[in-house]
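Chemist: Next comes the structure file upload-v4.csv, holding CSV, C-alpha atoms.
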```
chain,number,residue,atom,x,y,z
E,177,MET,CA,23.3,-13.3,17.4
E,178,ASN,CA,20.9,-10.7,18.7
E,179,ILE,CA,17.9,-9.5,16.6
E,180,ILE,CA,15.7,-6.7,17.8
E,181,VAL,CA,12.3,-6.1,16.2
E,182,ILE,CA,10.8,-2.7,17.2
E,183,GLY,CA,7.0,-2.9,17.1
E,184,GLY,CA,4.6,-5.6,18.1
E,185,GLY,CA,2.2,-5.4,15.2
E,186,ALA,CA,1.5,-7.6,12.2
E,187,ALA,CA,4.8,-6.8,10.4
E,188,GLY,CA,6.9,-7.1,13.6
E,189,PHE,CA,5.5,-10.5,14.6
E,190,PHE,CA,5.7,-11.9,11.1
E,191,GLY,CA,9.3,-10.7,10.7
E,192,ALA,CA,10.3,-12.0,14.1
E,193,ILE,CA,8.8,-15.4,13.4
E,194,ALA,CA,10.3,-15.7,9.9
E,195,CYS,CA,13.7,-14.8,11.3
E,196,ALA,CA,13.6,-17.3,14.2
E,197,GLU,CA,12.2,-20.1,12.1
E,198,ALA,CA,14.9,-19.6,9.4
E,199,ASN,CA,17.8,-19.4,11.9
E,200,PRO,CA,17.2,-21.1,15.3
E,201,ASN,CA,20.5,-19.7,16.6
E,202,ALA,CA,19.1,-16.1,16.3
E,203,GLN,CA,18.0,-14.6,19.6
E,204,VAL,CA,14.9,-12.6,18.6
E,205,THR,CA,13.3,-10.0,20.8
E,206,ILE,CA,10.1,-7.9,20.0
E,207,LEU,CA,9.9,-4.5,21.7
E,208,GLU,CA,6.5,-2.9,21.9
E,209,LYS,CA,6.1,0.6,23.3
E,210,SER,CA,2.4,0.1,24.4
E,211,ASN,CA,1.0,-2.6,26.6
E,212,LYS,CA,-1.0,-4.1,23.8
E,213,LEU,CA,0.3,-6.5,21.1
E,214,LEU,CA,-1.3,-6.8,17.6
E,215,SER,CA,-3.9,-4.2,18.3
E,216,LYS,CA,-4.6,-3.4,14.6
E,217,VAL,CA,-5.0,-7.1,13.9
E,218,ARG,CA,-7.7,-7.2,16.7
E,219,VAL,CA,-9.9,-4.4,15.3
E,220,SER,CA,-9.4,-5.0,11.5
E,221,GLY,CA,-12.4,-6.1,9.5
E,222,GLY,CA,-14.8,-5.4,12.3
E,223,GLY,CA,-13.0,-7.8,14.6
E,224,ARG,CA,-12.7,-10.5,11.9
E,225,CYS,CA,-9.2,-9.6,10.6
E,226,ASN,CA,-9.1,-9.1,6.8
E,227,VAL,CA,-5.8,-11.1,6.4
E,228,THR,CA,-5.3,-10.7,2.6
E,229,HIS,CA,-7.1,-10.5,-0.7
E,230,ASN,CA,-8.1,-13.3,-3.0
E,231,CYS,CA,-5.8,-12.3,-5.9
E,232,PHE,CA,-2.7,-14.4,-6.9
E,233,VAL,CA,-1.1,-12.4,-9.7
E,234,PRO,CA,1.6,-10.1,-8.2
E,235,THR,CA,1.3,-7.5,-11.0
E,236,VAL,CA,-2.5,-7.3,-10.4
E,237,PHE,CA,-2.2,-7.4,-6.6
E,238,SER,CA,0.3,-4.5,-6.6
E,239,GLN,CA,-2.1,-2.2,-8.5
E,240,HIS,CA,-4.1,-1.7,-5.2
E,241,TYR,CA,-1.3,0.4,-3.7
E,242,PRO,CA,-1.4,4.1,-4.3
E,243,ARG,CA,2.2,4.2,-2.9
E,244,GLY,CA,4.7,1.3,-3.2
E,245,ALA,CA,3.1,-0.6,-6.1
E,246,LYS,CA,6.3,-0.9,-8.1
E,247,GLN,CA,8.4,-2.2,-5.2
E,248,LEU,CA,5.7,-4.6,-4.0
E,249,LYS,CA,5.2,-6.1,-7.4
E,250,GLU,CA,8.6,-7.7,-7.1
E,251,ALA,CA,8.3,-8.5,-3.4
E,252,PHE,CA,4.9,-10.3,-4.0
E,253,LYS,CA,6.7,-12.7,-6.4
E,254,ASN,CA,8.7,-13.9,-3.4
E,255,PHE,CA,6.0,-13.8,-0.8
E,256,GLY,CA,2.4,-12.9,-1.9
E,257,ALA,CA,-1.1,-13.9,-1.1
E,258,THR,CA,-0.5,-17.5,-2.2
E,259,GLU,CA,2.3,-17.9,0.3
E,260,THR,CA,0.4,-16.0,3.0
E,261,ILE,CA,-2.5,-18.4,2.8
E,262,ALA,CA,-0.1,-21.4,2.8
E,263,TRP,CA,1.8,-20.0,5.8
E,264,PHE,CA,-1.3,-19.6,7.9
E,265,GLU,CA,-2.7,-23.0,6.9
E,266,LYS,CA,0.7,-24.6,7.8
E,267,HIS,CA,0.4,-22.9,11.2
E,268,GLY,CA,-3.2,-24.1,11.8
E,269,VAL,CA,-5.3,-21.3,10.4
E,270,LYS,CA,-7.6,-21.8,7.4
E,271,LEU,CA,-8.7,-18.7,5.4
E,272,LYS,CA,-11.8,-18.2,3.3
E,273,ALA,CA,-12.6,-15.7,0.5
E,274,GLU,CA,-15.7,-13.6,0.4
E,275,ALA,CA,-17.5,-12.4,-2.7
E,276,ASP,CA,-15.6,-9.1,-2.8
E,277,GLY,CA,-12.2,-10.9,-2.6
E,278,ARG,CA,-11.5,-10.1,1.1
E,279,MET,CA,-10.0,-13.1,3.0
E,280,PHE,CA,-10.7,-13.9,6.6
E,281,PRO,CA,-10.0,-16.8,9.0
E,282,VAL,CA,-12.9,-19.3,8.8
E,283,THR,CA,-13.6,-18.6,12.4
E,284,ASP,CA,-14.5,-15.0,11.5
E,285,ASN,CA,-12.5,-14.0,14.6
E,286,SER,CA,-9.3,-11.9,14.6
E,287,GLU,CA,-8.3,-13.6,17.9
E,288,THR,CA,-7.6,-16.7,15.7
E,289,ILE,CA,-4.8,-14.8,13.9
E,290,ILE,CA,-3.5,-13.3,17.2
E,291,ASP,CA,-3.4,-16.7,18.9
E,292,CYS,CA,-1.6,-18.1,15.9
E,293,LEU,CA,1.1,-15.4,15.9
E,294,MET,CA,1.5,-15.5,19.7
E,295,ARG,CA,1.8,-19.3,19.6
E,296,GLU,CA,4.3,-19.4,16.8
E,297,ALA,CA,6.4,-16.6,18.5
E,298,LYS,CA,6.5,-18.6,21.7
E,299,ARG,CA,7.3,-21.8,19.8
E,300,ALA,CA,10.2,-20.1,18.1
E,301,GLY,CA,11.6,-18.8,21.4
E,302,ILE,CA,11.0,-15.1,20.7
E,303,SER,CA,11.2,-12.8,23.7
E,304,ILE,CA,8.5,-10.2,23.9
E,305,LYS,CA,8.7,-7.0,25.9
E,306,THR,CA,5.8,-4.6,26.2
E,307,SER,CA,5.8,-1.0,27.5
E,308,THR,CA,9.3,-0.7,26.1
E,309,ALA,CA,9.9,2.1,23.6
E,310,VAL,CA,13.1,2.8,21.7
E,311,ASP,CA,14.1,6.5,21.9
E,312,LYS,CA,17.3,6.3,19.8
E,313,ILE,CA,19.3,3.9,17.7
E,314,GLU,CA,23.1,4.4,17.6
E,315,PRO,CA,25.0,2.6,14.9
E,316,GLN,CA,28.3,1.1,16.1
E,317,SER,CA,31.0,-1.1,14.7
E,318,ILE,CA,32.4,-4.2,16.5
E,319,ASN,CA,35.5,-5.7,14.8
E,320,GLY,CA,34.3,-4.2,11.5
E,321,ASN,CA,30.8,-5.6,11.9
E,322,PRO,CA,27.9,-3.2,12.1
E,323,GLN,CA,26.0,-3.2,15.4
E,324,PHE,CA,23.4,-1.0,17.1
E,325,LEU,CA,23.0,0.4,20.6
E,326,LEU,CA,19.3,0.9,21.4
E,327,ASN,CA,18.5,3.5,24.0
E,328,LEU,CA,15.2,2.6,25.7
E,329,SER,CA,12.6,4.8,27.3
E,330,ASN,CA,13.2,3.2,30.7
E,331,GLY,CA,16.8,4.4,30.7
E,332,GLN,CA,18.3,1.1,29.8
E,333,SER,CA,20.1,0.3,26.6
E,334,ILE,CA,20.6,-3.0,24.6
E,335,THR,CA,22.8,-4.0,21.7
E,336,ALA,CA,21.7,-5.7,18.5
E,337,ASP,CA,23.4,-7.2,15.5
E,338,LYS,CA,20.3,-6.5,13.3
E,339,VAL,CA,17.3,-4.2,13.9
E,340,LEU,CA,13.9,-4.5,12.2
E,341,VAL,CA,11.8,-1.3,12.5
E,342,CYS,CA,8.0,-2.1,12.3
E,343,THR,CA,6.6,0.9,14.2
E,344,GLY,CA,3.7,1.5,11.8
E,345,GLY,CA,2.4,4.8,10.4
E,346,ASN,CA,2.2,7.9,12.5
E,347,PRO,CA,0.3,11.1,11.7
E,348,LYS,CA,3.0,13.3,13.3
E,349,SER,CA,6.1,14.0,11.2
E,350,GLN,CA,8.2,14.5,14.4
E,351,ALA,CA,7.5,10.9,15.3
E,352,TYR,CA,10.0,9.9,12.6
E,353,ASN,CA,12.8,12.1,13.9
E,354,TRP,CA,14.7,9.1,15.5
E,355,LEU,CA,14.8,7.5,12.0
E,356,ARG,CA,15.9,10.8,10.3
E,357,GLU,CA,18.8,10.8,12.7
E,358,LEU,CA,20.0,7.6,11.0
E,359,GLY,CA,20.2,9.4,7.7
E,360,HIS,CA,16.8,8.4,6.3
E,361,ASN,CA,14.4,10.7,4.4
E,362,ILE,CA,10.8,10.7,5.4
E,363,GLN,CA,7.9,11.2,3.1
E,364,ALA,CA,5.6,13.5,5.0
E,365,PRO,CA,2.8,11.5,6.7
E,366,VAL,CA,-0.8,12.4,5.8
E,367,PRO,CA,-4.0,10.4,6.5
E,368,SER,CA,-5.2,7.8,4.0
E,369,LEU,CA,-8.5,5.8,4.2
E,370,PHE,CA,-10.9,8.3,5.5
E,371,THR,CA,-14.6,9.2,5.0
E,372,PHE,CA,-15.9,12.5,3.6
E,373,ASN,CA,-17.6,15.1,5.9
E,374,VAL,CA,-20.5,17.0,4.2
E,375,PRO,CA,-21.9,19.4,6.8
E,376,ASP,CA,-24.7,20.6,4.5
E,377,ASN,CA,-25.6,17.3,3.1
E,378,ALA,CA,-29.1,17.4,1.4
E,379,LEU,CA,-29.2,13.6,1.9
E,380,LYS,CA,-28.3,13.6,5.6
E,381,GLU,CA,-31.8,12.1,6.5
E,382,LEU,CA,-30.9,9.0,4.5
E,383,MET,CA,-28.1,7.8,6.8
E,384,GLY,CA,-27.7,4.1,6.5
E,385,VAL,CA,-28.8,4.0,2.9
E,386,SER,CA,-26.3,2.4,0.6
E,387,VAL,CA,-25.9,1.6,-3.1
E,388,PRO,CA,-23.9,-1.3,-4.4
E,389,LYS,CA,-22.2,0.7,-7.1
E,390,ALA,CA,-21.7,4.5,-7.5
E,391,LYS,CA,-18.9,6.5,-9.0
E,392,VAL,CA,-17.4,9.3,-6.9
E,393,ARG,CA,-15.5,12.0,-8.8
E,394,ILE,CA,-13.6,15.1,-7.5
E,395,ALA,CA,-14.6,18.2,-9.4
E,396,GLY,CA,-11.6,19.7,-11.3
E,397,GLN,CA,-9.4,16.6,-10.8
E,398,LYS,CA,-8.9,13.4,-12.6
E,399,LEU,CA,-9.6,11.4,-9.4
E,400,GLU,CA,-12.6,9.0,-9.4
E,401,TYR,CA,-13.5,5.7,-7.9
E,402,GLU,CA,-16.4,3.3,-8.4
E,403,GLY,CA,-17.8,0.9,-5.8
E,404,PRO,CA,-20.3,0.6,-2.9
E,405,LEU,CA,-21.3,3.9,-1.3
E,406,LEU,CA,-22.8,4.5,2.1
E,407,ILE,CA,-24.6,7.7,3.3
E,408,THR,CA,-23.8,8.5,6.9
E,409,HIS,CA,-25.0,11.2,9.3
E,410,TRP,CA,-21.8,13.1,8.7
E,411,GLY,CA,-21.4,12.6,4.9
E,412,TYR,CA,-20.2,9.6,2.8
E,413,SER,CA,-18.4,6.4,3.4
E,414,GLY,CA,-18.1,2.9,1.9
E,415,PRO,CA,-15.4,1.4,-0.3
E,416,ALA,CA,-15.9,4.0,-3.1
E,417,VAL,CA,-15.0,6.9,-0.8
E,418,LEU,CA,-12.3,5.0,1.3
E,419,LYS,CA,-10.4,3.9,-1.8
E,420,LEU,CA,-10.7,7.3,-3.4
E,421,SER,CA,-9.3,8.8,-0.2
E,422,ALA,CA,-6.3,6.5,-0.5
E,423,TRP,CA,-5.5,7.4,-4.1
E,424,GLY,CA,-6.0,11.1,-3.4
E,425,ALA,CA,-4.4,11.2,0.1
E,426,ARG,CA,-1.7,13.8,-0.8
E,427,LEU,CA,-4.0,15.9,-2.9
E,428,PHE,CA,-6.8,16.0,-0.3
E,429,HIS,CA,-4.2,17.0,2.3
E,430,ASP,CA,-2.9,19.8,0.1
E,431,ILE,CA,-6.3,21.3,-0.6
E,432,GLY,CA,-7.3,21.2,3.1
E,433,TYR,CA,-10.0,18.5,2.7
E,434,THR,CA,-12.3,21.0,1.1
E,435,PHE,CA,-13.6,20.2,-2.4
E,436,THR,CA,-16.7,19.2,-4.4
E,437,ALA,CA,-17.5,15.5,-4.8
E,438,LEU,CA,-19.7,14.6,-7.7
E,439,ILE,CA,-21.7,11.4,-7.2
E,440,ASN,CA,-22.9,9.3,-10.1
E,441,TRP,CA,-25.5,7.0,-8.6
E,442,ILE,CA,-25.9,4.9,-11.8
E,443,PRO,CA,-22.4,4.7,-13.4
E,444,GLU,CA,-23.4,1.9,-15.8
E,445,TYR,CA,-25.4,4.4,-17.8
E,446,THR,CA,-23.9,7.1,-20.0
E,447,GLU,CA,-25.7,10.4,-19.9
E,448,GLU,CA,-27.2,9.7,-23.4
E,449,ALA,CA,-28.4,6.2,-22.4
E,450,LEU,CA,-29.9,7.6,-19.2
E,451,ARG,CA,-31.8,10.2,-21.1
E,452,GLU,CA,-33.1,7.6,-23.5
E,453,HIS,CA,-34.1,5.3,-20.6
E,454,LEU,CA,-36.1,8.1,-18.9
E,455,GLN,CA,-37.8,9.0,-22.1
E,456,ASP,CA,-38.8,5.3,-22.6
E,457,TYR,CA,-40.0,5.0,-19.0
E,458,ARG,CA,-42.1,8.2,-19.4
E,459,GLN,CA,-43.8,6.8,-22.5
E,460,SER,CA,-44.4,3.4,-20.9
E,461,HIS,CA,-45.6,4.7,-17.5
E,462,PRO,CA,-47.1,8.2,-18.2
E,463,LYS,CA,-49.5,8.1,-15.2
E,464,LYS,CA,-47.0,6.9,-12.6
E,465,THR,CA,-45.9,9.4,-10.0
E,466,VAL,CA,-42.2,10.3,-10.5
E,467,SER,CA,-41.1,10.5,-6.8
E,468,SER,CA,-42.8,7.4,-5.5
E,469,ASN,CA,-41.7,4.9,-8.3
E,470,PRO,CA,-37.9,4.4,-8.1
E,471,ILE,CA,-36.1,3.1,-11.2
E,472,PHE,CA,-32.6,1.8,-11.8
E,473,GLY,CA,-32.8,-0.3,-8.7
E,474,LEU,CA,-32.2,2.7,-6.4
E,475,PRO,CA,-33.6,2.6,-2.9
E,476,GLN,CA,-37.0,4.3,-2.6
E,477,ARG,CA,-35.7,6.9,-0.1
E,478,LEU,CA,-32.7,7.9,-2.2
E,479,TRP,CA,-34.8,8.1,-5.4
E,480,LYS,CA,-37.3,10.4,-3.7
E,481,ALA,CA,-34.5,12.6,-2.3
E,482,LEU,CA,-33.0,12.9,-5.8
E,483,THR,CA,-36.4,14.0,-7.2
E,484,ILE,CA,-36.5,16.7,-4.5
E,485,LEU,CA,-33.0,17.8,-5.6
E,486,ALA,CA,-34.4,18.0,-9.1
E,487,ASP,CA,-37.3,20.3,-7.9
E,488,ILE,CA,-40.0,17.8,-8.9
E,489,PRO,CA,-43.2,18.3,-6.9
E,490,GLU,CA,-44.4,15.3,-5.0
E,491,GLN,CA,-47.5,14.5,-7.1
E,492,THR,CA,-46.0,15.1,-10.5
E,493,ARG,CA,-46.7,12.2,-13.0
E,494,TRP,CA,-44.2,11.3,-15.7
E,495,ALA,CA,-46.5,12.6,-18.5
E,496,GLU,CA,-46.4,16.0,-16.7
E,497,LEU,CA,-42.7,16.3,-16.1
E,498,PRO,CA,-41.2,19.4,-17.8
E,499,ALA,CA,-37.9,19.1,-19.8
E,500,LYS,CA,-36.2,21.4,-17.3
E,501,ASN,CA,-36.9,19.0,-14.4
E,502,THR,CA,-35.9,16.0,-16.5
E,503,ASN,CA,-32.5,17.7,-17.0
E,504,LYS,CA,-32.2,18.4,-13.3
E,505,LEU,CA,-33.0,14.8,-12.5
E,506,ILE,CA,-30.3,13.6,-14.9
E,507,GLU,CA,-27.9,16.0,-13.1
E,508,ALA,CA,-28.9,14.6,-9.7
E,509,LEU,CA,-28.5,11.0,-10.9
E,510,HIS,CA,-25.3,11.5,-12.9
E,511,ARG,CA,-23.3,14.2,-11.0
E,512,ALA,CA,-24.9,15.3,-7.8
E,513,PRO,CA,-22.5,17.8,-6.2
E,514,PHE,CA,-21.8,17.7,-2.5
E,515,GLU,CA,-19.4,20.1,-0.7
E,516,VAL,CA,-16.9,18.2,1.3
E,517,LYS,CA,-15.4,20.0,4.3
E,518,GLY,CA,-13.2,17.7,6.3
E,519,LYS,CA,-12.7,14.0,6.9
E,520,THR,CA,-13.4,11.4,9.6
E,521,THR,CA,-11.0,8.5,10.4
E,522,PHE,CA,-12.6,5.2,9.3
E,523,LYS,CA,-13.3,3.2,12.4
E,524,GLU,CA,-10.1,2.5,14.3
E,525,GLU,CA,-8.2,1.6,11.2
E,526,PHE,CA,-6.0,4.6,10.8
E,527,VAL,CA,-3.6,4.3,7.8
E,528,THR,CA,-1.0,6.8,6.9
E,529,CYS,CA,0.4,7.7,3.5
E,530,GLY,CA,4.1,8.6,4.1
E,531,GLY,CA,7.1,7.2,5.9
E,532,ILE,CA,10.5,5.9,5.0
E,533,ASP,CA,11.5,6.9,1.5
E,534,LEU,CA,11.2,3.7,-0.6
E,535,SER,CA,14.3,4.5,-2.7
E,536,GLU,CA,16.3,4.0,0.5
E,537,VAL,CA,15.2,0.4,1.0
E,538,ASN,CA,16.2,-2.8,-0.8
E,539,PHE,CA,12.9,-4.6,-1.4
E,540,LYS,CA,14.5,-8.0,-1.9
E,541,THR,CA,15.7,-7.9,1.7
E,542,MET,CA,14.0,-4.9,3.2
E,543,GLU,CA,17.4,-3.7,4.4
E,544,SER,CA,18.2,0.0,4.5
E,545,ARG,CA,20.5,1.2,1.7
E,546,VAL,CA,21.6,4.0,4.1
E,547,GLN,CA,22.4,2.0,7.2
E,548,PRO,CA,23.5,-1.7,6.8
E,549,GLY,CA,22.0,-4.0,9.3
E,550,LEU,CA,18.8,-1.9,9.7
E,551,TYR,CA,15.6,-3.2,8.2
E,552,PHE,CA,12.0,-1.9,7.7
E,553,ALA,CA,8.6,-3.6,7.3
E,554,GLY,CA,5.0,-2.5,7.4
E,555,GLU,CA,3.5,0.9,7.5
E,556,VAL,CA,6.6,2.7,8.7
E,557,LEU,CA,7.5,2.6,5.0
E,558,ASP,CA,5.9,5.0,2.5
E,559,VAL,CA,3.6,2.1,1.4
E,560,ASP,CA,-0.2,2.0,1.8
E,561,GLY,CA,-3.0,0.0,0.1
E,562,ILE,CA,-6.7,0.5,-0.3
E,563,THR,CA,-9.2,-1.4,1.9
E,564,GLY,CA,-9.6,-5.1,1.3
E,565,GLY,CA,-6.7,-6.8,3.0
E,566,PHE,CA,-4.0,-5.0,1.1
E,567,ASN,CA,-2.3,-3.3,4.0
E,568,PHE,CA,-2.0,-6.5,5.9
E,569,GLN,CA,-0.5,-8.3,2.9
E,570,ALA,CA,2.1,-5.6,2.6
E,571,ALA,CA,2.9,-6.2,6.3
E,572,TRP,CA,3.2,-10.0,6.0
E,573,THR,CA,5.3,-9.6,2.8
E,574,THR,CA,7.8,-7.0,4.0
E,575,GLY,CA,8.0,-8.6,7.5
E,576,TYR,CA,8.7,-12.1,6.0
E,577,LEU,CA,11.3,-10.8,3.6
E,578,ALA,CA,13.1,-8.8,6.3
E,579,GLY,CA,13.0,-11.8,8.7
E,580,LYS,CA,14.4,-14.2,6.2
E,581,ALA,CA,17.1,-11.8,5.1
E,582,MET,CA,18.2,-11.1,8.7
E,583,ALA,CA,18.4,-14.8,9.4
E,584,ALA,CA,20.5,-15.4,6.2
E,585,ALA,CA,22.8,-12.5,7.0
E,586,LEU,CA,23.7,-14.0,10.4
```
Transcribe the structure of this file into structure tokens.
Modeler:
Amino acid sequence: MNIIVIGGGAAGFFGAIACAEANPNAQVTILEKSNKLLSKVRVSGGGRCNVTHNCFVPTVFSQHYPRGAKQLKEAFKNFGATETIAWFEKHGVKLKAEADGRMFPVTDNSETIIDCLMREAKRAGISIKTSTAVDKIEPQSINGNPQFLLNLSNGQSITADKVLVCTGGNPKSQAYNWLRELGHNIQAPVPSLFTFNVPDNALKELMGVSVPKAKVRIAGQKLEYEGPLLITHWGYSGPAVLKLSAWGARLFHDIGYTFTALINWIPEYTEEALREHLQDYRQSHPKKTVSSNPIFGLPQRLWKALTILADIPEQTRWAELPAKNTNKLIEALHRAPFEVKGKTTFKEEFVTCGGIDLSEVNFKTMESRVQPGLYFAGEVLDVDGITGGFNFQAAWTTGYLAGKAMAAAL
């Protein structure tokens, strides 16, 4: 029995190994169009590979997916973070959790994950062919059983009893045409996980300054996210922005990545509590210079920049601060507006929102409801998570379920 896995990334390898381990009689082949295998695994997490997230309740874990949450909630009950950690431990890789919940190999090296997957693929007898793209899949029927003819970019063709598509996300809609030809609908691909470009950023000189918790809100929308925020030379980054970009991926695309971001630098304070705190501080420290004495634990450079935004002269003491400038300071602290014009891809970790319509896939088996014998896993589906190991977990889960289902179907 011939199984073809299209795509040599995380989902492809995991699906191929799951299939070969569950059914040793299956002949499993991975076809990768580039000359590199597991390239996203290599660069993820700054080269450490953020394998999964330290969360073991499927309903909670699934809430980190702007698209695919409902389907993954059930899938995670069959193979979630608990099973992923156990799988890697069983295959010689121990994982550790960091304070923010992200999980990495204890070696802090993505090559550990790559070596493990390559080793297990070899042990399972999986054939791997690089620089081999599939241009077209033609469904056939042999003695009433569905089969597939795969036309390759090198002019050759091969047949398969089952096909698992793990080609990842692609920013170009036409890249999915070969799957549309099989009867599948594609949710238009748009970028997810990106940083905000602010060309006229009043805080540009503060690049590298970060705060552990800020709330970023989009003016005129219900979108907001709270978390660490980083000021860059082009605008804003950090988990608060990246996660917000995932939740708002379609909206941001529709409005041309041009909008006003409102930053609350101290979200733990309501506006009323903030006003009271400033009043108390003024009474306790009337002779202190406003701009050179940061409060709320904000970095000195950021505090000074916010006082400049509030038009507070450099030598002004708290006792001399007019009500008008106090109000401006509250505005700068609570909802500083920044005009976003465009986006920047986060490192090399391009993630797309969009792909195979989820209603056309059975998430118990990852088999197509449109084309029996065809399976999908990973980012080729209209599934994407926020940063923190969630996209890899979706790849492990969908790949594993597809691999097991193909092995059982044989």
Chemist: List the neighbours of Ala481 in chain E out to 10 Å using all atoms listed in the file; skip same-chain residues closer than 4 positions along the sequence, and give me the result as an MDAnalysis selection string.
Modeler: chainID E and resid 378:379 381:382 467 476:477 485:487 508
Chemist: Hey, which bits of range 346-403 of chain E sit within 12 Å of range 233-248 of chain E, and for each residue what's the closest pair of atoms and how far apart in Å (one decimal), counting only C-alpha atoms, rows by chain and increasing number, as CSV?
Modeler:
```
residue,atom,partner,partner_atom,distance
E:Gln363,CA,E:Arg243,CA,10.8
E:Ser368,CA,E:Pro242,CA,9.8
E:Leu369,CA,E:Pro242,CA,11.2
```
Chemist: Would you mind reading off the distance between CA of Asn567 in chain E and CA of Ala198 in chain E, one decimal, in Å?
Modeler: 24.3 Å
Chemist: Report the distance between CA of Phe370 in chain E and CA of Lys249 in chain E in Å, rounded to one decimal place.
Modeler: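 Interatomic distance, CA of Phe370 in chain E to CA of Lys249 in chain E: 25.2 Å.
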Chemist: Looking at E:Gly188, E:Leu406, E:Met582, E:Ala275, which one is nearest to Ser386 in chain E, with distances taken over only C-alpha atoms?
Modeler: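 Looking at the shortest contact to Ser386 in chain E, the residue is E:Leu406.
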Chemist: Kindly extract all protein, DNA and RNA residues lying within 9 Å of the coordinates (0.6, 5.5, 13.1) given in the file, considering all atoms listed in the file, and supply them as a tab-separated table (two decimals) with C-alpha atoms, keeping the file's coordinate frame.
Modeler:
```tsv
chain	number	residue	atom	x	y	z
E	343	THR	CA	6.60	0.90	14.20
E	344	GLY	CA	3.70	1.50	11.80
E	345	GLY	CA	2.40	4.80	10.40
E	346	ASN	CA	2.20	7.90	12.50
E	347	PRO	CA	0.30	11.10	11.70
E	348	LYS	CA	3.00	13.30	13.30
E	526	PHE	CA	-6.00	4.60	10.80
E	527	VAL	CA	-3.60	4.30	7.80
E	528	THR	CA	-1.00	6.80	6.90
E	555	GLU	CA	3.50	0.90	7.50
E	556	VAL	CA	6.60	2.70	8.70
```
Chemist: Could you jot down the CA of Gly191 in chain E to CA of Trp423 in chain E separation for me, Å, one decimal place?
Modeler: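 Pair CA of Gly191 in chain E / CA of Trp423 in chain E returns 27.7 Å.
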Chemist: As a PyMOL selection string, please: the residues near range 206-219 of chain E (cut-off 10 Å, all atoms listed in the file, same-chain neighbours under 6 positions excluded).
Modeler: chain E and resi 179-189+191-192+225-227+285-290+293-294+297+302-310+328-329+340-343+523-526+568
Chemist: Could you tell me which of E:Ile506, E:Val559, E:Ala416, E:Ile484 comes closest to Glu448 in chain E if we count all atoms listed in the file?
Modeler: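 Under the stated criterion, the closest residue is E:Ile506.
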Chemist: Reconstruct N, CA, C and O atoms of range 329-338 of chain E; output as a JSON list (two decimals), in the coordinates of the input.
Modeler:
```
[["chain", "number", "residue", "atom", "x", "y", "z"],
["E", 329, "SER", "N", 13.26, 3.76, 26.54],
["E", 329, "SER", "CA", 12.60, 4.80, 27.30],
["E", 329, "SER", "C", 12.71, 4.63, 28.81],
["E", 329, "SER", "O", 12.54, 5.57, 29.58],
["E", 330, "ASN", "N", 13.02, 3.42, 29.24],
["E", 330, "ASN", "CA", 13.20, 3.20, 30.70],
["E", 330, "ASN", "C", 14.58, 3.47, 31.20],
["E", 330, "ASN", "O", 14.93, 3.16, 32.34],
["E", 331, "GLY", "N", 15.40, 4.07, 30.29],
["E", 331, "GLY", "CA", 16.80, 4.40, 30.70],
["E", 331, "GLY", "C", 17.80, 3.37, 30.44],
["E", 331, "GLY", "O", 19.00, 3.63, 30.52],
["E", 332, "GLN", "N", 17.35, 2.17, 30.10],
["E", 332, "GLN", "CA", 18.30, 1.10, 29.80],
["E", 332, "GLN", "C", 18.72, 1.14, 28.35],
["E", 332, "GLN", "O", 18.13, 1.87, 27.54],
["E", 333, "SER", "N", 19.73, 0.36, 28.00],
["E", 333, "SER", "CA", 20.10, 0.30, 26.60],
["E", 333, "SER", "C", 20.52, -1.19, 26.30],
["E", 333, "SER", "O", 20.93, -1.92, 27.19],
["E", 334, "ILE", "N", 20.30, -1.59, 25.04],
["E", 334, "ILE", "CA", 20.60, -3.00, 24.60],
["E", 334, "ILE", "C", 21.36, -2.89, 23.29],
["E", 334, "ILE", "O", 21.21, -1.92, 22.53],
["E", 335, "THR", "N", 22.13, -3.92, 22.98],
["E", 335, "THR", "CA", 22.80, -4.00, 21.70],
["E", 335, "THR", "C", 22.15, -4.99, 20.78],
["E", 335, "THR", "O", 21.52, -5.95, 21.25],
["E", 336, "ALA", "N", 22.28, -4.76, 19.48],
["E", 336, "ALA", "CA", 21.70, -5.70, 18.50],
["E", 336, "ALA", "C", 22.60, -5.79, 17.30],
["E", 336, "ALA", "O", 23.26, -4.83, 16.91],
["E", 337, "ASP", "N", 22.61, -6.99, 16.70],
["E", 337, "ASP", "CA", 23.40, -7.20, 15.50],
["E", 337, "ASP", "C", 22.54, -6.73, 14.26],
["E", 337, "ASP", "O", 23.08, -6.21, 13.29],
["E", 338, "LYS", "N", 21.23, -6.94, 14.35],
["E", 338, "LYS", "CA", 20.30, -6.50, 13.30],
["E", 338, "LYS", "C", 19.10, -5.88, 13.98],
["E", 338, "LYS", "O", 18.67, -6.35, 15.05]]
```
